[in-house]
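Report on the following structure.
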Amino acid sequence: MSGQKGVFFLAKEKKEKKQRSREFEQLKEGLKLRFVNTAHIMWGRELNELTMNEIYQTVAATAKQYISDNWIKTNKTYAERQEKQIYYFSIEFLMGRLLKSNLINLGIEEAVREVLDDFHLELSRTYEEEPDAGLGNGGLGRLAACFIDSMAAHRLPGHGCSIRYQYGLFEQKIINGNQVEIPDNWLKDGFAWEYRKPDKAIDVKFNGNAYMKKMDDGSLKLVYENPMIVMAVPYDVPIVGYHNNTVNTLRLWNAEVNRDFSDYGMLTQEQMRQKQDYRTFVESITRYLYPDDSTYDGRRMRLIQEYFMTSAGVQSIVRHYKKSGMDIHAFAQKVAIHINDTHPAVAVAELMRILVDEENLGWEEAWNITRNTIAYTNHTIMPEALEKWPVDMFRPLLPRIYMIIDEINRRHLEEVRARYPHHEEKVHALSIIQDGMVHMARLAIVGGHSVNGVAAIHTEILKTTTLHDFYEYNPKMFNNKTNGITHRRWLMGANPELDVLITSTIGSRRWHRHPEQLDLLNDYVEDKPFLAELGKIKHLRKEALAAYIREHNHMEVDPDSLFDIQVKRIHSYKRQLMNVLHIMYQYHRIRTDRSFDMLPTTYIFGGKAAPGYYIAKETIRLINAVADRINNDPLVKGRIKVVFIENFGVSIGEIVYPAADVSEQISTASKEASGTGNMKFMMNGAITLGTLDGANVEIRDAVGGDEHCVIFGLKAEEVLNYYATGTYSAWAEYNTNERVRTVVNQLTDGTFGNFQSLFDYLVHANDEFFILKDFDAYAAAHEEIMRRYRDRYHWLKSSAVNIANSGRFSSDRTIDEYASEIWQVKPVVIS
Ligand SMILES: *Cc1c(COP(=O)(O)O)cnc(C)c1O
């Protein structure tokens, strides 16, 4: 590549390199000392006596020494300079592993690798020892994780707030083709990155009686009798900025029994029993992450988790704020609270409670502060995913919070009625409490100053359908913030060879800090030597995935075949079923049409189904049945292989995304709010095969149209129109489309086993996500992919175009937009 760089750059680089190597040697020396010392302190043994896990823990503890000074300095700077702080509330943070990402952000990964080398230890093997922090289901939780990484990278004072689940998302095993769920006991060997802060514990109150009492001076005072008190103990995780000194905090709350609980003296048997019940209850609050993705689960424990984390979070923010000596009246100028989906929406009422009951502010002022502090991100247009709680459940559990929501709603509806006199339908549509339910999205909108969707098309659909009445009522608060992913984890970390190729090609590492500069690669998308290198790197990643599959699936896949990958939660709207039906169709062609020219393709699936989601689990069973049949049919001669990768999660994703030639993004148009997997694939050079849904629309725009992606299927408008008119008939489709009928019949004719429920779902339950309707277009799209893949030069060019234009999908860009347009915060330099 050196021929592509100017002479000046080379000279400068040489000088930099020399200087860097002196600094580098010093860094290595320091690291080595600390590493050996740390090992001796932690284990009291020689390095060569340690297990791999002990080595991992030693490396993590060494890294922490490079983090802690800056963590202290960051907190001190924020407090002294009274900088505005952002708190990102999310019931999920799908962090994955942290060692590699921390070393990259600290800028010491290479030095650590060489130090370990000197002891004949392999850094990459220590990475494998770290359990994934799987505190999330999928996209929503991973978004939160990318966001805190980007906030720290951009020196923004932004922190995360969530729950320290004792068990993360279940581990998925495939046994006889079926998903089996195993508890994810991720804390069993401890979590190296957390710091327990018992002195910062917070009381969270449930149950009891709340009412207003008239005082002698005529004022009203809140009385809250017999609450059950749960102690929230924070576990702080440092979030390291990229090559800056910023270290922010992810605060995870753990539920524990109240401080004075251990006093067992002088209790009756009945009192002892009550105490035991209390302990059992408290310990269950933060035990499990709910394994549901994109569906609303109305279970009471979920509401308890939501209030537990939100109350603890908001209380600790106010306490910290006051301790820094700031004026409560200026709260909204110094604090931004962001709520990721509706799970923390109760923050609106909790902040009001604190300001009114504890800080004794008047309602009007407290309301202004609350609305100016809080902003909300919506993640779905699907009505079944919108949270609403029965008043009969909500009120007894959170009596004071319910009173406050009731009062918020009373005042809100007064305004609504003034705006729309004699228009009770509007009042119903805008009411927070309606038909015996508390609507959390409505609370979040009324109690905040901003509502955003997560991709352009999603925000538009919110405005025209799901939240139309609110949009009409207050259009100014609606805005779009297209999602993003951290390119540090998903490109630099997951695909180091591609990182090196990009840097040497454009002759600068500036894109690490300014990912939009990836567009400099556009000058090389027709450069044959560059494309040849790109092709080699893709092959390397495919070999790595093939090795993973060999080890875990005991199966050979050919890295020279096309890797067509769909990894994400298993969900009807994501249409994994359409993908596998199409594989069944190709298999049918191979068996019945000798002239069929099948491009050798490896179809790779991965993803977890919610444990109670029958259709999703049947889809997994079908994928595995199809794999079993096709992979073992000599007639196929390896032209198709089907693989289901067990237990898909962040760390497996780091192996999978970079290995794809084709990225399957085939959700029913209008259903996928944004998607972020699509961005990870794109950034690693896969070609998108997708519908015009979520961020796919913007990916297509970014690559300049259909030449560098393959788009098919119904448009969102058409889908929404079918729903509105009820004119779609899957039965008619089945009867008139021979290709569809042939494939669907194979669900029950014994070719792969019996999948009656999937057949019924498609044919008799009217195929709610238009799989049959889109099937022909999907098959045509696959033919187009095969046609393009056979032209290696143009394929690699498309791959390069995708990488070159993926910069805007870095979460650094997303976070900049949130910071300037919603939070009004500026970077703070930590010196
Ligand atoms: C990115 C990511 C997702 C989200 O994928 P989508 O394709 O956007 O649904 C889910 N799970 C994991 C582990 C991820 O890394």
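So you can find residues: chains in the structure tokens are A, B, ... in the order shown, residues in each start at 1, and ligands are numbered from 1 in order.
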Item checked: Shell of 9 Å around Val204 (chain A), only C-alpha atoms, local chain residues under 3 positions omitted, as a PyMOL selection string -> chain A and resi 228-232+307-309+311-312+315
Keeping only N, CA and C atoms, write those residues as a PDB file, in the first residue's frame.
ATOM      1  N   MET A 228     -42.375  -1.017  52.771  1.00  0.00           N
ATOM      2  CA  MET A 228     -41.351  -2.047  52.828  1.00  0.00           C
ATOM      3  C   MET A 228     -40.094  -1.433  52.211  1.00  0.00           C
ATOM      4  N   ILE A 229     -39.003  -1.491  52.961  1.00  0.00           N
ATOM      5  CA  ILE A 229     -37.792  -0.817  52.484  1.00  0.00           C
ATOM      6  C   ILE A 229     -36.791  -1.827  51.930  1.00  0.00           C
ATOM      7  N   VAL A 230     -36.350  -1.569  50.724  1.00  0.00           N
ATOM      8  CA  VAL A 230     -35.326  -2.411  50.096  1.00  0.00           C
ATOM      9  C   VAL A 230     -34.072  -1.571  49.960  1.00  0.00           C
ATOM     10  N   MET A 231     -32.930  -2.159  50.311  1.00  0.00           N
ATOM     11  CA  MET A 231     -31.684  -1.402  50.191  1.00  0.00           C
ATOM     12  C   MET A 231     -31.078  -1.649  48.802  1.00  0.00           C
ATOM     13  N   ALA A 232     -30.805  -0.541  48.109  1.00  0.00           N
ATOM     14  CA  ALA A 232     -30.167  -0.618  46.795  1.00  0.00           C
ATOM     15  C   ALA A 232     -28.690  -0.300  46.974  1.00  0.00           C
ATOM     16  N   TYR A 307     -39.017   0.067  39.063  1.00  0.00           N
ATOM     17  CA  TYR A 307     -39.030   1.134  40.060  1.00  0.00           C
ATOM     18  C   TYR A 307     -37.782   1.072  40.939  1.00  0.00           C
ATOM     19  N   PHE A 308     -37.360  -0.133  41.247  1.00  0.00           N
ATOM     20  CA  PHE A 308     -36.168  -0.302  42.087  1.00  0.00           C
ATOM     21  C   PHE A 308     -34.967   0.423  41.492  1.00  0.00           C
ATOM     22  N   MET A 309     -34.689   0.157  40.223  1.00  0.00           N
ATOM     23  CA  MET A 309     -33.494   0.754  39.619  1.00  0.00           C
ATOM     24  C   MET A 309     -33.684   2.245  39.388  1.00  0.00           C
ATOM     25  N   SER A 311     -35.746   4.423  41.010  1.00  0.00           N
ATOM     26  CA  SER A 311     -35.762   5.178  42.262  1.00  0.00           C
ATOM     27  C   SER A 311     -34.348   5.298  42.830  1.00  0.00           C
ATOM     28  N   ALA A 312     -33.638   4.188  42.871  1.00  0.00           N
ATOM     29  CA  ALA A 312     -32.268   4.236  43.384  1.00  0.00           C
ATOM     30  C   ALA A 312     -31.425   5.191  42.552  1.00  0.00           C
ATOM     31  N   GLN A 315     -32.650   8.970  43.055  1.00  0.00           N
ATOM     32  CA  GLN A 315     -32.273   9.430  44.401  1.00  0.00           C
ATOM     33  C   GLN A 315     -30.776   9.682  44.497  1.00  0.00           C
TER      34      GLN A 315
END
Note to self: Quick check for you: according to DSSP on this backbone, which residues of region 240-285 of chain A are classed as strand (DSSP E or B)? Reply as a ChimeraX atom specification.
What the structure shows: /A:240,247-256
With ligand 1 as the partner and 6 Å as the cut-off, tabulate the residues of chain A that qualify, each row holding the nearest pair of atoms and their distance in Å to one decimal, using only C-alpha atoms and all ligand atoms, sorted by chain and rising number, as a Markdown table.
| residue | atom | partner | partner_atom_place_in_ligand_line | distance |
| --- | --- | --- | --- | --- |
| A:Gly138 | CA | ligand 1 | 10 (C) | 3.6 |
| A:Gly139 | CA | ligand 1 | 4 (C) | 3.6 |
| A:Arg142 | CA | ligand 1 | 2 (C) | 6.0 |
| A:Lys568 | CA | ligand 1 | 9 (O) | 4.6 |
| A:Gly649 | CA | ligand 1 | 13 (C) | 3.7 |
| A:Val650 | CA | ligand 1 | 13 (C) | 4.0 |
| A:Gly653 | CA | ligand 1 | 15 (O) | 5.7 |
| A:Gly675 | CA | ligand 1 | 8 (O) | 3.3 |
| A:Thr676 | CA | ligand 1 | 8 (O) | 3.8 |
| A:Gly677 | CA | ligand 1 | 7 (O) | 3.6 |
| A:Asn678 | CA | ligand 1 | 7 (O) | 5.8 |
Suppose we keep N, CA and C atoms; can you now write the selection as a PDB file, in the first residue's frame?
ATOM      1  N   GLY A 138     -30.760  -8.089  23.656  1.00  0.00           N
ATOM      2  CA  GLY A 138     -30.331  -7.935  22.267  1.00  0.00           C
ATOM      3  C   GLY A 138     -30.067  -6.477  21.957  1.00  0.00           C
ATOM      4  N   GLY A 139     -30.650  -6.000  20.880  1.00  0.00           N
ATOM      5  CA  GLY A 139     -30.346  -4.675  20.345  1.00  0.00           C
ATOM      6  C   GLY A 139     -30.463  -3.537  21.349  1.00  0.00           C
ATOM      7  N   ARG A 142     -27.612  -3.695  23.856  1.00  0.00           N
ATOM      8  CA  ARG A 142     -26.322  -3.462  23.210  1.00  0.00           C
ATOM      9  C   ARG A 142     -26.195  -1.992  22.810  1.00  0.00           C
ATOM     10  N   LYS A 568     -29.459 -12.640  15.254  1.00  0.00           N
ATOM     11  CA  LYS A 568     -30.256 -11.671  16.001  1.00  0.00           C
ATOM     12  C   LYS A 568     -31.270 -12.475  16.801  1.00  0.00           C
ATOM     13  N   GLY A 649     -24.295 -14.185  21.278  1.00  0.00           N
ATOM     14  CA  GLY A 649     -24.176 -13.063  22.211  1.00  0.00           C
ATOM     15  C   GLY A 649     -23.080 -12.146  21.704  1.00  0.00           C
ATOM     16  N   VAL A 650     -22.681 -11.196  22.519  1.00  0.00           N
ATOM     17  CA  VAL A 650     -21.734 -10.177  22.063  1.00  0.00           C
ATOM     18  C   VAL A 650     -20.411 -10.804  21.614  1.00  0.00           C
ATOM     19  N   GLY A 653     -20.691 -12.724  18.551  1.00  0.00           N
ATOM     20  CA  GLY A 653     -20.929 -11.742  17.491  1.00  0.00           C
ATOM     21  C   GLY A 653     -19.630 -11.169  16.942  1.00  0.00           C
ATOM     22  N   GLY A 675     -32.536  -1.518  14.078  1.00  0.00           N
ATOM     23  CA  GLY A 675     -31.540  -2.557  13.872  1.00  0.00           C
ATOM     24  C   GLY A 675     -30.172  -1.939  14.092  1.00  0.00           C
ATOM     25  N   THR A 676     -29.266  -2.739  14.635  1.00  0.00           N
ATOM     26  CA  THR A 676     -27.878  -2.308  14.760  1.00  0.00           C
ATOM     27  C   THR A 676     -26.953  -3.407  14.230  1.00  0.00           C
ATOM     28  N   GLY A 677     -27.452  -4.641  14.181  1.00  0.00           N
ATOM     29  CA  GLY A 677     -26.676  -5.722  13.581  1.00  0.00           C
ATOM     30  C   GLY A 677     -26.356  -5.363  12.127  1.00  0.00           C
ATOM     31  N   ASN A 678     -27.337  -4.808  11.433  1.00  0.00           N
ATOM     32  CA  ASN A 678     -27.129  -4.368  10.048  1.00  0.00           C
ATOM     33  C   ASN A 678     -25.887  -3.465   9.922  1.00  0.00           C
TER      34      ASN A 678
END
Notebook entry, point to check: Leu430 (chain A): which residues within 9 Å, counting only C-alpha atoms, same-chain residues fewer than 3 positions away excluded, as a VMD selection string?
Noted result: chain A and resid 412 to 413 416 425 to 427 433 to 434 442 469 to 470 473
Note to self: Which residue is closest to Tyr376 (chain A)? Choose from A:Arg541, A:Arg808, A:Ile822, A:Trp71 and count only C-alpha atoms.
What the structure shows: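 Nearest candidate to Tyr376 (chain A) out of A:Arg541, A:Arg808, A:Ile822, A:Trp71: A:Ile822.
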Check: In terms of the shortest atom-to-atom distance over only C-alpha atoms, which of A:Asn409, A:Asn553, A:Asn452, A:Thr38 is closest to Asp341 (chain A)?
Finding: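 Comparing A:Asn409, A:Asn553, A:Asn452, A:Thr38 against Asp341 (chain A), the winner is A:Asn452.
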Next item on the list: From the DSSP assignment of the backbone, select every residue of region 350-395 of chain A that is alpha helix (DSSP H), and format the answer as a list in words.
Entry: Glu350, Leu351, Met352, Arg353, Trp363, Glu364, Glu365, Ala366, Trp367, Asn368, Ile369, Thr370, Arg371, Asn372, Thr373, Val391, Asp392, Met393, Phe394 and Arg395 of chain A
Item checked: Two-atom distance - CA of Leu47 (chain A), CA of Phe119 (chain A) (Å) ->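 About the pair CA of Leu47 (chain A) and CA of Phe119 (chain A): they are 8.3 Å apart.
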Item checked: Best match for closeness to Leu289 (chain A) among A:Asn137, A:Asn70, A:Asn48, A:Gln26, counting only C-alpha atoms -> A:Asn137
